[in-house]
Structure formats: C-alpha cells, structure tokens
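**Student:** Next comes the structure file structure-v5.txt, holding compact mmCIF, C-alpha atoms.
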# COMPACT_ATOMS: atom_id res chain seq x y z
CA MET A 251 9.96 -16.61 9.63
CA ASN A 252 6.76 -14.67 8.96
CA GLU A 253 5.42 -12.88 5.91
CA TYR A 254 4.73 -9.17 6.43
CA GLU A 255 2.55 -7.11 4.15
CA PHE A 256 3.13 -3.34 4.07
CA THR A 257 3.60 -0.35 1.78
CA LEU A 258 6.28 2.32 1.85
CA LYS A 259 5.59 5.58 0.02
CA PHE A 260 8.37 7.93 -1.00
CA SER A 261 8.69 11.35 -2.57
CA LEU A 262 11.37 11.89 -5.19
CA PRO A 263 13.22 15.14 -5.80
CA GLU A 264 11.79 17.27 -8.61
CA THR A 265 14.96 16.84 -10.65
CA ILE A 266 14.42 13.09 -10.92
CA SER A 267 12.77 12.04 -14.15
CA HIS A 268 9.96 9.50 -14.24
CA PRO A 269 10.00 7.00 -11.32
CA SER A 270 10.14 4.10 -13.81
CA THR A 271 13.83 4.93 -14.37
CA TYR A 272 14.49 3.29 -10.98
CA LEU A 273 12.80 -0.04 -11.60
CA GLU A 274 15.88 -2.04 -12.62
CA LYS A 275 17.86 -0.58 -9.71
CA LEU A 276 15.09 -1.48 -7.26
CA TRP A 277 15.16 -5.04 -8.57
CA THR A 278 18.90 -5.45 -8.14
CA GLU A 279 18.77 -3.96 -4.61
CA GLY A 280 16.28 -6.61 -3.47
CA CYS A 281 12.82 -5.11 -3.97
CA ASP A 282 11.75 -8.12 -6.06
CA ASP A 283 9.22 -8.95 -3.33
CA ALA A 284 7.35 -5.66 -3.89
CA LEU A 285 4.81 -4.35 -6.37
CA VAL A 286 6.07 -0.92 -7.40
CA GLY A 287 3.56 1.88 -8.01
CA ILE A 288 4.71 4.65 -10.36
CA GLY A 289 1.41 6.37 -11.17
CA LEU A 290 2.16 9.75 -9.55
CA ARG A 291 4.76 12.33 -10.51
CA SER A 292 7.65 12.61 -8.05
CA ARG A 293 6.32 9.68 -6.04
CA ILE A 294 7.06 5.99 -5.79
CA ALA A 295 5.29 3.40 -3.63
CA LEU A 296 6.31 -0.18 -2.89
CA ASN A 297 3.84 -2.78 -1.67
CA PHE A 298 6.05 -5.39 0.01
CA THR A 299 5.30 -8.98 0.98
CA ARG A 300 8.49 -9.58 2.92
CA GLU A 301 9.56 -12.70 4.73
CA SER A 302 11.38 -11.79 7.91
CA SER A 303 12.01 -12.76 11.53
CA SER A 304 10.17 -9.65 12.77
CA ALA A 305 8.03 -6.78 11.51
CA GLN A 306 10.69 -4.24 12.49
CA GLU A 307 13.33 -6.18 10.59
CA ALA A 308 11.02 -6.39 7.57
CA ILE A 309 10.41 -2.64 7.29
CA LEU A 310 14.01 -1.71 8.14
CA SER A 311 15.44 -3.99 5.46
CA ALA A 312 12.87 -2.78 2.93
CA LEU A 313 13.68 0.85 3.74
CA ALA A 314 17.40 0.12 3.37
CA ASP A 315 16.85 -1.59 -0.02
CA VAL A 316 14.94 1.41 -1.38
CA LYS A 317 17.47 3.92 -0.02
CA ARG A 318 20.29 2.01 -1.74
CA ALA A 319 18.39 2.04 -5.03
CA ILE A 320 17.23 5.69 -4.75
CA PRO A 321 19.39 7.53 -2.18
CA LYS A 322 17.38 10.75 -2.57
CA ALA A 323 13.99 9.13 -1.95
CA GLU A 324 12.28 10.53 1.16
CA LEU A 325 9.85 8.40 3.15
CA VAL A 326 6.36 9.91 3.13
CA GLU A 327 4.39 7.23 4.95
CA ALA A 328 4.45 3.58 5.94
CA THR A 329 1.08 1.85 5.68
CA PRO A 330 -1.03 0.41 7.19
CA ASP A 331 -0.88 2.84 10.12
CA PHE A 332 -3.11 5.94 9.77
CA VAL A 333 -6.62 4.64 9.10
CA GLY A 334 -10.19 5.86 8.93
CA LEU A 335 -13.38 4.02 9.83
CA THR A 336 -13.81 2.24 6.50
CA GLU A 337 -10.24 0.98 6.49
CA ILE A 338 -10.45 -0.29 10.08
CA ALA A 339 -13.69 -2.10 9.24
CA ASN A 340 -12.06 -3.66 6.17
CA PHE A 341 -9.06 -4.89 8.17
CA LEU A 342 -11.36 -6.47 10.77
CA GLY A 343 -13.87 -7.86 8.32
CA PHE A 344 -16.60 -5.80 10.06
CA THR A 345 -19.20 -3.67 8.35
CA ARG A 346 -18.89 0.06 9.01
CA GLN A 347 -22.12 -0.13 10.99
CA ASN A 348 -20.71 -2.94 13.16
CA LEU A 349 -17.64 -0.92 13.96
CA ILE A 350 -19.61 2.22 14.79
CA GLU A 351 -21.72 0.16 17.21
CA VAL A 352 -18.61 -1.19 18.95
CA MET A 353 -17.24 2.36 19.20
CA THR A 354 -20.36 4.01 20.53
CA SER A 355 -21.08 1.24 23.02
CA SER A 356 -17.52 1.53 24.40
CA GLY A 357 -17.70 5.31 24.80
CA SER A 358 -14.46 6.89 25.93
CA ALA A 359 -12.79 3.50 26.37
CA PHE A 360 -12.28 3.23 22.61
CA PRO A 361 -8.78 4.37 21.60
CA ALA A 362 -8.54 8.12 21.03
CA PRO A 363 -8.01 9.14 17.41
CA VAL A 364 -4.88 10.88 16.14
CA HIS A 365 -7.09 13.45 14.45
CA GLU A 366 -10.75 14.33 14.75
CA GLY A 367 -12.44 16.38 12.08
CA LYS A 368 -14.23 15.92 8.80
CA SER A 369 -12.44 12.59 8.66
CA THR A 370 -11.32 10.89 11.85
CA ILE A 371 -8.02 9.04 11.82
CA TRP A 372 -6.61 6.44 14.22
CA HIS A 373 -3.38 4.51 14.50
CA LEU A 374 -4.42 1.03 13.34
CA PHE A 375 -2.18 -0.57 15.99
CA LYS A 376 -4.02 1.13 18.88
CA VAL A 377 -7.39 -0.05 17.61
CA LEU A 378 -6.24 -3.63 16.94
CA VAL A 379 -4.63 -4.00 20.38
CA TRP A 380 -7.65 -2.55 22.14
CA LEU A 381 -10.01 -4.91 20.33
CA LYS A 382 -7.78 -7.86 21.10
CA GLU A 383 -7.27 -7.10 24.79
CA ARG A 384 -10.63 -5.63 25.71
CA LYS A 385 -12.97 -7.34 23.31
CA LYS A 386 -11.15 -10.59 22.70
CA TYR A 387 -11.37 -10.20 18.93
CA SER A 388 -8.61 -12.39 17.60
CA GLN A 389 -6.38 -10.71 15.04
CA GLN A 390 -3.65 -11.81 12.74
CA GLU A 391 -0.49 -11.32 14.82
CA THR A 392 1.57 -10.28 11.78
CA LEU A 393 -0.91 -7.45 11.08
CA ILE A 394 -0.65 -6.17 14.67
CA ASP A 395 3.15 -6.36 14.48
CA ILE A 396 3.42 -4.52 11.18
CA ALA A 397 0.90 -1.86 12.30
CA LYS A 398 3.02 -1.29 15.41
CA ALA A 399 6.29 -1.08 13.46
CA ASN A 400 4.74 1.28 10.88
CA MET A 401 3.37 3.55 13.63
CA GLN A 402 6.82 3.82 15.18
CA LEU A 403 8.46 4.45 11.81
CA ASN A 404 5.97 7.21 10.94
CA ILE A 405 6.41 8.86 14.34
CA ALA A 406 10.21 8.59 14.20
CA LYS A 407 10.27 10.14 10.73
CA ASP A 408 8.25 13.16 11.88
CA ALA A 409 10.16 13.49 15.16
CA TYR A 410 12.98 15.03 13.10
CA ASN A 411 10.90 18.22 13.13
CA ILE A 412 10.91 18.65 16.92
CA GLU A 413 13.30 21.13 18.47
CA PRO A 414 15.21 19.25 21.21
CA THR A 415 14.61 21.75 24.01
CA PHE A 416 10.92 21.95 23.18
CA GLN A 417 10.72 18.16 23.17
CA GLN A 418 12.24 17.99 26.67
CA LYS A 419 9.67 20.44 27.98
CA ILE A 420 6.82 18.51 26.37
CA TRP A 421 7.98 15.19 27.77
CA SER A 422 8.42 16.62 31.27
CA LEU A 423 4.74 17.60 31.21
CA MET A 424 3.60 14.19 30.02
CA THR A 425 5.32 11.96 32.56
CA MET B 40 -8.73 -6.46 -41.52
CA VAL B 41 -6.93 -3.29 -40.52
CA ALA B 42 -10.20 -1.42 -40.29
CA LEU B 43 -11.58 -4.05 -37.91
CA CYS B 44 -8.73 -3.78 -35.42
CA GLY B 45 -10.11 -0.66 -33.81
CA LYS B 46 -13.30 -2.52 -32.93
CA ILE B 47 -11.67 -5.40 -31.12
CA PRO B 48 -11.90 -4.93 -27.34
CA VAL B 49 -8.53 -4.40 -25.68
CA TYR B 50 -8.66 -7.66 -23.74
CA PHE B 51 -8.84 -9.75 -26.90
CA MET B 52 -5.69 -8.23 -28.28
CA THR B 53 -2.70 -10.54 -28.25
CA ARG B 54 0.17 -9.70 -25.99
CA LYS B 55 3.08 -11.68 -24.67
CA SER B 56 1.99 -13.92 -21.78
CA HIS B 57 3.78 -13.74 -18.44
CA SER B 58 5.83 -16.90 -17.86
CA LYS B 59 4.43 -17.39 -14.33
CA PRO B 60 0.88 -18.78 -14.56
CA GLU B 61 -0.31 -17.12 -11.30
CA ILE B 62 0.84 -13.73 -12.56
CA GLU B 63 -0.63 -14.26 -16.02
CA ALA B 64 -3.98 -15.09 -14.35
CA ALA B 65 -3.76 -11.90 -12.26
CA LEU B 66 -3.01 -9.88 -15.42
CA ARG B 67 -6.07 -11.34 -17.14
CA TYR B 68 -8.10 -10.39 -14.06
CA ALA B 69 -6.72 -6.85 -14.43
CA GLU B 70 -7.71 -6.75 -18.11
CA LYS B 71 -11.17 -8.05 -17.31
CA ASN B 72 -11.57 -5.05 -14.99
CA GLY B 73 -10.57 -2.63 -17.70
CA TRP B 74 -6.87 -2.28 -16.90
CA ARG B 75 -4.39 -2.03 -19.77
CA VAL B 76 -1.31 -4.27 -19.74
CA GLU B 77 1.80 -3.04 -21.49
CA VAL B 78 4.78 -5.34 -21.98
CA GLY B 79 8.34 -4.04 -22.03
CA GLY B 80 11.45 -4.01 -19.85
CA ALA B 81 14.01 -6.46 -18.51
CA HIS B 82 13.52 -7.37 -14.84
CA ALA B 83 10.51 -5.11 -15.03
CA TRP B 84 8.35 -7.25 -17.31
CA GLY B 85 5.69 -4.62 -17.98
CA LYS B 86 3.14 -2.26 -16.48
CA ILE B 87 -0.57 -2.20 -15.73
CA TYR B 88 -2.59 1.00 -16.17
CA CYS B 89 -5.74 1.86 -14.20
CA PRO B 90 -8.69 2.66 -16.52
CA TYR B 91 -9.73 5.53 -14.20
CA ASN B 92 -6.35 7.25 -14.07
CA ASP B 93 -7.86 10.71 -13.63
CA LYS B 94 -8.21 13.32 -10.89
CA ASP B 95 -10.96 11.41 -9.08
CA CYS B 96 -9.07 8.15 -8.93
CA ARG B 97 -7.42 7.34 -5.63
CA CYS B 98 -5.37 4.31 -6.57
CA GLY B 99 -2.60 6.91 -6.28
CA GLU B 100 0.83 5.57 -7.03
CA PHE B 101 -0.58 2.16 -7.94
CA CYS B 102 -2.62 3.60 -10.85
CA ILE B 103 0.42 2.49 -12.80
CA SER B 104 2.04 -0.59 -11.31
CA SER B 105 5.17 -2.30 -12.49
CA ILE B 106 5.20 -6.10 -12.88
CA TRP B 107 8.43 -8.08 -12.35
CA SER B 108 9.37 -10.86 -14.78
CA THR B 109 10.96 -12.92 -11.99
CA PRO B 110 9.59 -11.78 -8.63
CA ARG B 111 10.86 -13.43 -5.45
CA ASN B 112 7.54 -15.24 -5.06
CA ALA B 113 5.17 -15.44 -8.03
CA GLY B 114 2.12 -16.28 -5.90
CA ASN B 115 2.66 -13.23 -3.68
CA HIS B 116 3.25 -10.98 -6.68
CA ALA B 117 -0.03 -12.18 -8.21
CA LYS B 118 -1.83 -11.40 -4.92
CA GLN B 119 -0.32 -7.91 -4.86
CA ILE B 120 -1.65 -7.27 -8.38
CA ARG B 121 -5.14 -8.52 -7.50
CA ARG B 122 -5.21 -6.34 -4.39
CA VAL B 123 -4.47 -3.22 -6.43
CA ILE B 124 -7.34 -4.04 -8.80
CA ASP B 125 -9.73 -4.76 -5.91
CA ASN B 126 -8.77 -1.57 -4.05
CA CYS B 127 -9.35 0.65 -7.07
CA THR B 128 -11.74 3.33 -5.76
CA ASN B 129 -13.77 3.89 -8.89
CA HIS B 130 -14.10 0.17 -9.40
CA ASN B 131 -15.65 -0.13 -5.93
CA LYS B 132 -17.83 2.96 -6.21
CA ASN B 133 -21.01 0.95 -6.52
CA VAL B 134 -20.05 -1.53 -3.82
CA SER B 135 -19.16 0.83 -0.96
CA SER B 136 -19.35 4.55 -1.35
CA GLU B 137 -19.09 7.15 1.35
CA GLU B 138 -16.14 9.02 2.87
CA ASP B 139 -14.91 8.41 6.39
CA ASP B 140 -16.51 10.75 8.88
Let me see whether you can do it: turn the structure in this file into structure tokens.

**Tutor:**
Amino acid sequence: MNEYEFTLKFSLPETISHPSTYLEKLWTEGCDDALVGIGLRSRIALNFTRESSSAQEAILSALADVKRAIPKAELVEATPDFVGLTEIANFLGFTRQNLIEVMTSSGSAFPAPVHEGKSTIWHLFKVLVWLKERKKYSQQETLIDIAKANMQLNIAKDAYNIEPTFQQKIWSLMT
Amino acid sequence: MVALCGKIPVYFMTRKSHSKPEIEAALRYAEKNGWRVEVGGAHAWGKIYCPYNDKDCRCGEFCISSIWSTPRNAGNHAKQIRRVIDNCTNHNKNVSSEEDD
C-alpha cells in the first residue's frame, strides 16, 4: 500500500447552497482522509492523502466517494497535473533558474507544453518522466504515478466534448 | 475588562483545543500566520479562514478549509493544514514573487 497525495476540484450547481452543507455527508462517505476547501462559491475542493494499492485506484475511489456524497458535483480538475514553471520547480526542489537552464540546454528534447502563451503549461507527468529517463533525476514514484493518473482523468473528463466522427478522423491522422 | 477584549490579539483568545495534538499544533501554526480558527460542527470540527481572503488571494477553495474532528490519520490531516498555510500566495509574496512565463 502507498500513500497518494492529490486534490480533486468540483463545481456545484448554482441551486446548491453553501458547500459546507455537504461536510457531514462527505465524512460519512469516506472523505475523512481529505482536507475540504469551501472558500469559493459553487466550488468544493478535496485535498486527499489516500492509502491505496495504486494511484488509479486512489483517485477512482476518491471520485466515487465524492459523487456518492454530492451526486451533482462535476469534476473541474485533478491536481497535480497542469503545471507552470514555478510549480514544476517546487515539485523537483529546483530553483526556477535551475529549471530554465535544464530546459534551454535540452532545446527541443524537453517535453512540449500543453499550452504556450503568457503562461506556459505542461503536464507534470511528462516532465517528471523525461527528467527521470533522460536526466536520471530520481523522483518519488508515488508522485509520478499520481501525476500520470491525474493527467488521464483530466483528459478523459474533457474527451466527453469530442464528437465521435471527428475523433476518428483526428486519430487516423495521428497514427 | 470588556473594553480590553478588543485589544487582545486573535491568537491569544481562548478556543476549544483540538483533541489530536498534531492537529492542534497545525491550528496554532495557522493562527500564528494570521489565520482565524472557528470551532463548530460534529464530524467537521471547525474551519480555518485565510487572512487574505480577497480578490488577490489565490488559495482558492482552501481559503476556507474544514477541519475534521476524527480524521482517518491525524498526522496526515495536520500536514494537509500546514501545506495550505505554506501555499498561501499572499503569505509567500515576499519569498517568491513572479508569475509563470
């Protein structure tokens, strides 16, 4: 058994009163291993430290617990997954400057970001794996596992928006 | 005496202690960093409130965090509380500043 550390953020329907109404229900449904954040209207976030046989099992069981407590809660994001420079540096224990040096010295070999713009965003998993395999930076395995599971969960959640025929055409061009 | 009460800093005010020592220590750490602790609830023991709960604060949901009276693991719950305090953006403003770019 390993301990996995992750946060699930949900939006609540407008009709639902303050998120604190759900605290007792979350407790009885098994979220007693999470710190619950209720500081934003129509939002609720749970920072789990969950003991489980795998990262996938940890996030799936956590998601199921929350859905039982608040059936109308909609997953917004599982973290850590989407990260900027500062967050990556914090996870690695690097300074920002350190990380920028590693990036620029690796050129195009460094994992491509999900989004480039005013802020640049990566999937944490891609960066961690690249650093481990190419640079031999040792990482906490549970962090890599949870970053991978979160990435898949976030992608799966958004994949609901793809029209099936369009998806087939896209995939045929990518293989 | 009544007149003096308003002058006593929040962290000296008496409140019910949390029964788990690790969590009580984390709550004192929160208070030392300006957070307000409010007791009340059943399984939900109470709440902590970020001192910077305004439009610039990016603690987001965790600006108000709920504390369990009997969490599954008291040590882990205490660590979760401390992480929220340490991640508080305004709190860290002087330590590390700039946006990602």

**Student:** Mind pulling up the distance from atom CA of A:Trp380 to atom CA of A:Thr299?

**Tutor:**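 Between atom CA of A:Thr299 and atom CA of A:Trp380 the gap works out to 25.6 Å.
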
**Student:** Using all atoms listed in the file, which protein or nucleic acid residues come within 6 Å of B:Trp84? Drop anything in the same chain fewer than 2 positions from it, and give the result as a ChimeraX atom specification.

**Tutor:** /B:79-82,106-108

**Student:** Those same residues - C-alpha atoms - I'd like them written as a PDB file, keeping the file's coordinate frame.

**Tutor:**
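The resulting file, out-v2.pdb, is reproduced below:
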ATOM      1  CA  GLY B  79       8.340  -4.040 -22.030  1.00  0.00           C
ATOM      2  CA  GLY B  80      11.450  -4.010 -19.850  1.00  0.00           C
ATOM      3  CA  ALA B  81      14.010  -6.460 -18.510  1.00  0.00           C
ATOM      4  CA  HIS B  82      13.520  -7.370 -14.840  1.00  0.00           C
ATOM      5  CA  ILE B 106       5.200  -6.100 -12.880  1.00  0.00           C
ATOM      6  CA  TRP B 107       8.430  -8.080 -12.350  1.00  0.00           C
ATOM      7  CA  SER B 108       9.370 -10.860 -14.780  1.00  0.00           C
TER       8      SER B 108
END

**Student:** Which residues of chain A come within 8 Å of chain B, and for each one, what is the closest pair of atoms and their distance in Å to one decimal, counting all atoms listed in the file, sorted by chain and residue number, as CSV?

**Tutor:**
residue,atom,partner,partner_atom,distance
A:Leu273,CA,B:Ala83,CA,6.5
A:Glu274,CA,B:His82,CA,6.2
A:Trp277,CA,B:His82,CA,6.9
A:Asp282,CA,B:Pro110,CA,5.0
A:Asp283,CA,B:Arg111,CA,5.2
A:Ala284,CA,B:His116,CA,7.3
A:Leu285,CA,B:Gln119,CA,6.4
A:Val286,CA,B:Ser105,CA,5.3
A:Gly287,CA,B:Phe101,CA,4.2
A:Ile288,CA,B:Glu100,CA,5.2
A:Gly289,CA,B:Glu100,CA,4.3
A:Leu290,CA,B:Glu100,CA,5.1
A:Arg293,CA,B:Glu100,CA,6.9
A:Ile294,CA,B:Glu100,CA,6.4
A:Ala295,CA,B:Glu100,CA,6.0
A:Asn297,CA,B:Gln119,CA,7.3
A:Thr299,CA,B:Asn115,CA,6.8
A:Gly334,CA,B:Asp139,CA,5.9
A:Leu335,CA,B:Asp139,CA,5.8
A:Thr336,CA,B:Asp139,CA,6.3
A:Gly367,CA,B:Asp140,CA,7.6
A:Lys368,CA,B:Asp140,CA,5.7
A:Ser369,CA,B:Asp140,CA,4.5
A:Thr370,CA,B:Asp140,CA,6.0

**Student:** Can you work out the spacing between atom CA of A:Val326 and atom CA of A:Ser304 in Å, to one decimal?

**Tutor:**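 Separation between atom CA of A:Val326 and atom CA of A:Ser304: 22.1 Å.
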
**Student:** Which residues come within 8 Å of B:Gly73, counting all atoms listed in the file, excluding same-chain residues fewer than 2 positions away, as an NGL selection string?

**Tutor:** :B and (69-71 or 75 or 89-90)

**Student:** Would you compute an axis-aligned box for stretch 102-109 of chain B, covering every atom listed for it in the file with 3 Å of margin on each side, and report centre and edge lengths in Å to one decimal as lines of an AutoDock Vina configuration file?

**Tutor:**
center_x = 4.2
center_y = -4.7
center_z = -12.8
size_x = 19.6
size_y = 22.5
size_z = 9.9

**Student:** Name the closest residue to B:Val78 among the candidates B:Pro60, B:Arg54, B:Asn126, B:Leu66; distances are taken between atoms, counting only C-alpha atoms.

**Tutor:** B:Arg54

**Student:** Hey, can you check how far atom CA of A:Tyr410 sits from atom CA of A:Gly280?

**Tutor:**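 According to the coordinates, atom CA of A:Tyr410 and atom CA of A:Gly280 are separated by 27.5 Å.
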
**Student:** Quick one: residues within 12 Å of A:Ala323, all atoms listed in the file counted, chain neighbours fewer than 4 positions away excluded, as JSON, numbers by chain?

**Tutor:** {"A": [258, 259, 260, 261, 262, 263, 264, 265, 266, 269, 272, 276, 292, 293, 294, 295, 313, 314, 315, 316, 317, 318, 319, 327]}

**Student:** With distances taken over only C-alpha atoms, which residue among B:Glu77, B:Ile62, B:Gly85, B:Asn72 lies nearest B:Gly114?

**Tutor:**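 When distances to B:Gly114 are compared using only C-alpha atoms, the smallest one comes from B:Ile62.
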
**Student:** Please identify all polymer residues within 8 Å of A:Tyr254, counting all atoms listed in the file, omitting same-chain residues fewer than 6 positions from it, and present them as a tab-separated table (two decimals) with C-alpha atoms, in the coordinates of the input.

**Tutor:**
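Dumped to result-v9.tsv:
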chain	number	residue	atom	x	y	z
A	298	PHE	CA	6.05	-5.39	0.01
A	299	THR	CA	5.30	-8.98	0.98
A	300	ARG	CA	8.49	-9.58	2.92
A	301	GLU	CA	9.56	-12.70	4.73
A	302	SER	CA	11.38	-11.79	7.91
A	305	ALA	CA	8.03	-6.78	11.51
A	308	ALA	CA	11.02	-6.39	7.57
A	392	THR	CA	1.57	-10.28	11.78
A	393	LEU	CA	-0.91	-7.45	11.08
A	396	ILE	CA	3.42	-4.52	11.18

**Student:** Fewer than 6 positions away in the same chain doesn't count, so skip those; otherwise give me all residues within 12 Å of A:Asn348, counting all atoms listed in the file, as a list of chain:residue names.

**Tutor:**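 Surrounding residues, per the criterion: A:Leu335, A:Thr336, A:Ile338, A:Ala339, A:Asn340, A:Leu342, A:Thr354, A:Ser355.
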
**Student:** Please supply stretch 103-133 of chain B, rebuilt with N, CA and C atoms, as a PDB file, keeping the file's coordinate frame.

**Tutor:**
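What ended up in part37.pdb:
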ATOM      1  N   ILE B 103      -0.484   3.177 -11.864  1.00  0.00           N
ATOM      2  CA  ILE B 103       0.420   2.490 -12.800  1.00  0.00           C
ATOM      3  C   ILE B 103       1.313   1.621 -11.926  1.00  0.00           C
ATOM      4  N   SER B 104       1.222   0.313 -12.108  1.00  0.00           N
ATOM      5  CA  SER B 104       2.040  -0.590 -11.310  1.00  0.00           C
ATOM      6  C   SER B 104       2.969  -1.379 -12.213  1.00  0.00           C
ATOM      7  N   SER B 105       4.179  -1.575 -11.703  1.00  0.00           N
ATOM      8  CA  SER B 105       5.170  -2.300 -12.490  1.00  0.00           C
ATOM      9  C   SER B 105       5.172  -3.776 -12.107  1.00  0.00           C
ATOM     10  N   ILE B 106       5.241  -4.642 -13.107  1.00  0.00           N
ATOM     11  CA  ILE B 106       5.200  -6.100 -12.880  1.00  0.00           C
ATOM     12  C   ILE B 106       6.596  -6.666 -13.123  1.00  0.00           C
ATOM     13  N   TRP B 107       7.113  -7.442 -12.175  1.00  0.00           N
ATOM     14  CA  TRP B 107       8.430  -8.080 -12.350  1.00  0.00           C
ATOM     15  C   TRP B 107       8.306  -9.309 -13.248  1.00  0.00           C
ATOM     16  N   SER B 108       9.378  -9.605 -14.002  1.00  0.00           N
ATOM     17  CA  SER B 108       9.370 -10.860 -14.780  1.00  0.00           C
ATOM     18  C   SER B 108       9.692 -12.038 -13.871  1.00  0.00           C
ATOM     19  N   THR B 109      10.631 -11.840 -12.922  1.00  0.00           N
ATOM     20  CA  THR B 109      10.960 -12.920 -11.990  1.00  0.00           C
ATOM     21  C   THR B 109      10.908 -12.408 -10.552  1.00  0.00           C
ATOM     22  N   PRO B 110       9.693 -12.228 -10.020  1.00  0.00           N
ATOM     23  CA  PRO B 110       9.590 -11.780  -8.630  1.00  0.00           C
ATOM     24  C   PRO B 110      10.075 -12.870  -7.674  1.00  0.00           C
ATOM     25  N   ARG B 111      10.344 -12.465  -6.428  1.00  0.00           N
ATOM     26  CA  ARG B 111      10.860 -13.430  -5.450  1.00  0.00           C
ATOM     27  C   ARG B 111       9.861 -14.576  -5.260  1.00  0.00           C
ATOM     28  N   ASN B 112       8.570 -14.226  -5.253  1.00  0.00           N
ATOM     29  CA  ASN B 112       7.540 -15.240  -5.060  1.00  0.00           C
ATOM     30  C   ASN B 112       6.367 -14.895  -5.981  1.00  0.00           C
ATOM     31  N   ALA B 113       6.183 -15.741  -6.998  1.00  0.00           N
ATOM     32  CA  ALA B 113       5.170 -15.440  -8.030  1.00  0.00           C
ATOM     33  C   ALA B 113       3.763 -15.365  -7.449  1.00  0.00           C
ATOM     34  N   GLY B 114       3.453 -16.259  -6.511  1.00  0.00           N
ATOM     35  CA  GLY B 114       2.120 -16.280  -5.900  1.00  0.00           C
ATOM     36  C   GLY B 114       1.839 -14.973  -5.162  1.00  0.00           C
ATOM     37  N   ASN B 115       2.828 -14.490  -4.406  1.00  0.00           N
ATOM     38  CA  ASN B 115       2.660 -13.230  -3.680  1.00  0.00           C
ATOM     39  C   ASN B 115       2.515 -12.053  -4.641  1.00  0.00           C
ATOM     40  N   HIS B 116       3.296 -12.080  -5.714  1.00  0.00           N
ATOM     41  CA  HIS B 116       3.250 -10.980  -6.680  1.00  0.00           C
ATOM     42  C   HIS B 116       1.856 -10.936  -7.332  1.00  0.00           C
ATOM     43  N   ALA B 117       1.313 -12.103  -7.635  1.00  0.00           N
ATOM     44  CA  ALA B 117      -0.030 -12.180  -8.210  1.00  0.00           C
ATOM     45  C   ALA B 117      -1.056 -11.608  -7.239  1.00  0.00           C
ATOM     46  N   LYS B 118      -0.898 -11.922  -5.937  1.00  0.00           N
ATOM     47  CA  LYS B 118      -1.830 -11.400  -4.920  1.00  0.00           C
ATOM     48  C   LYS B 118      -1.733  -9.883  -4.828  1.00  0.00           C
ATOM     49  N   GLN B 119      -0.504  -9.365  -4.912  1.00  0.00           N
ATOM     50  CA  GLN B 119      -0.320  -7.910  -4.860  1.00  0.00           C
ATOM     51  C   GLN B 119      -1.067  -7.236  -6.019  1.00  0.00           C
ATOM     52  N   ILE B 120      -0.974  -7.835  -7.199  1.00  0.00           N
ATOM     53  CA  ILE B 120      -1.650  -7.270  -8.380  1.00  0.00           C
ATOM     54  C   ILE B 120      -3.159  -7.270  -8.167  1.00  0.00           C
ATOM     55  N   ARG B 121      -3.696  -8.413  -7.714  1.00  0.00           N
ATOM     56  CA  ARG B 121      -5.140  -8.520  -7.500  1.00  0.00           C
ATOM     57  C   ARG B 121      -5.637  -7.525  -6.456  1.00  0.00           C
ATOM     58  N   ARG B 122      -4.819  -7.294  -5.423  1.00  0.00           N
ATOM     59  CA  ARG B 122      -5.210  -6.340  -4.390  1.00  0.00           C
ATOM     60  C   ARG B 122      -5.348  -4.926  -4.948  1.00  0.00           C
ATOM     61  N   VAL B 123      -4.407  -4.553  -5.819  1.00  0.00           N
ATOM     62  CA  VAL B 123      -4.470  -3.220  -6.430  1.00  0.00           C
ATOM     63  C   VAL B 123      -5.768  -3.067  -7.226  1.00  0.00           C
ATOM     64  N   ILE B 124      -6.111  -4.087  -7.994  1.00  0.00           N
ATOM     65  CA  ILE B 124      -7.340  -4.040  -8.800  1.00  0.00           C
ATOM     66  C   ILE B 124      -8.563  -3.920  -7.877  1.00  0.00           C
ATOM     67  N   ASP B 125      -8.576  -4.741  -6.817  1.00  0.00           N
ATOM     68  CA  ASP B 125      -9.730  -4.760  -5.910  1.00  0.00           C
ATOM     69  C   ASP B 125      -9.856  -3.478  -5.097  1.00  0.00           C
ATOM     70  N   ASN B 126      -8.732  -2.797  -4.848  1.00  0.00           N
ATOM     71  CA  ASN B 126      -8.770  -1.570  -4.050  1.00  0.00           C
ATOM     72  C   ASN B 126      -9.091  -0.333  -4.868  1.00  0.00           C
ATOM     73  N   CYS B 127      -9.125  -0.488  -6.175  1.00  0.00           N
ATOM     74  CA  CYS B 127      -9.350   0.650  -7.070  1.00  0.00           C
ATOM     75  C   CYS B 127     -10.663   1.337  -6.692  1.00  0.00           C
ATOM     76  N   THR B 128     -10.582   2.610  -6.314  1.00  0.00           N
ATOM     77  CA  THR B 128     -11.740   3.330  -5.760  1.00  0.00           C
ATOM     78  C   THR B 128     -12.929   3.368  -6.706  1.00  0.00           C
ATOM     79  N   ASN B 129     -12.670   3.763  -7.940  1.00  0.00           N
ATOM     80  CA  ASN B 129     -13.770   3.890  -8.890  1.00  0.00           C
ATOM     81  C   ASN B 129     -14.444   2.553  -9.155  1.00  0.00           C
ATOM     82  N   HIS B 130     -13.602   1.509  -9.180  1.00  0.00           N
ATOM     83  CA  HIS B 130     -14.100   0.170  -9.400  1.00  0.00           C
ATOM     84  C   HIS B 130     -15.098  -0.223  -8.302  1.00  0.00           C
ATOM     85  N   ASN B 131     -14.814   0.247  -7.076  1.00  0.00           N
ATOM     86  CA  ASN B 131     -15.650  -0.130  -5.930  1.00  0.00           C
ATOM     87  C   ASN B 131     -16.777   0.837  -5.657  1.00  0.00           C
ATOM     88  N   LYS B 132     -16.873   1.881  -6.472  1.00  0.00           N
ATOM     89  CA  LYS B 132     -17.830   2.960  -6.210  1.00  0.00           C
ATOM     90  C   LYS B 132     -19.233   2.449  -5.938  1.00  0.00           C
ATOM     91  N   ASN B 133     -19.646   1.453  -6.695  1.00  0.00           N
ATOM     92  CA  ASN B 133     -21.010   0.950  -6.520  1.00  0.00           C
ATOM     93  C   ASN B 133     -21.140   0.012  -5.331  1.00  0.00           C
TER      94      ASN B 133
END
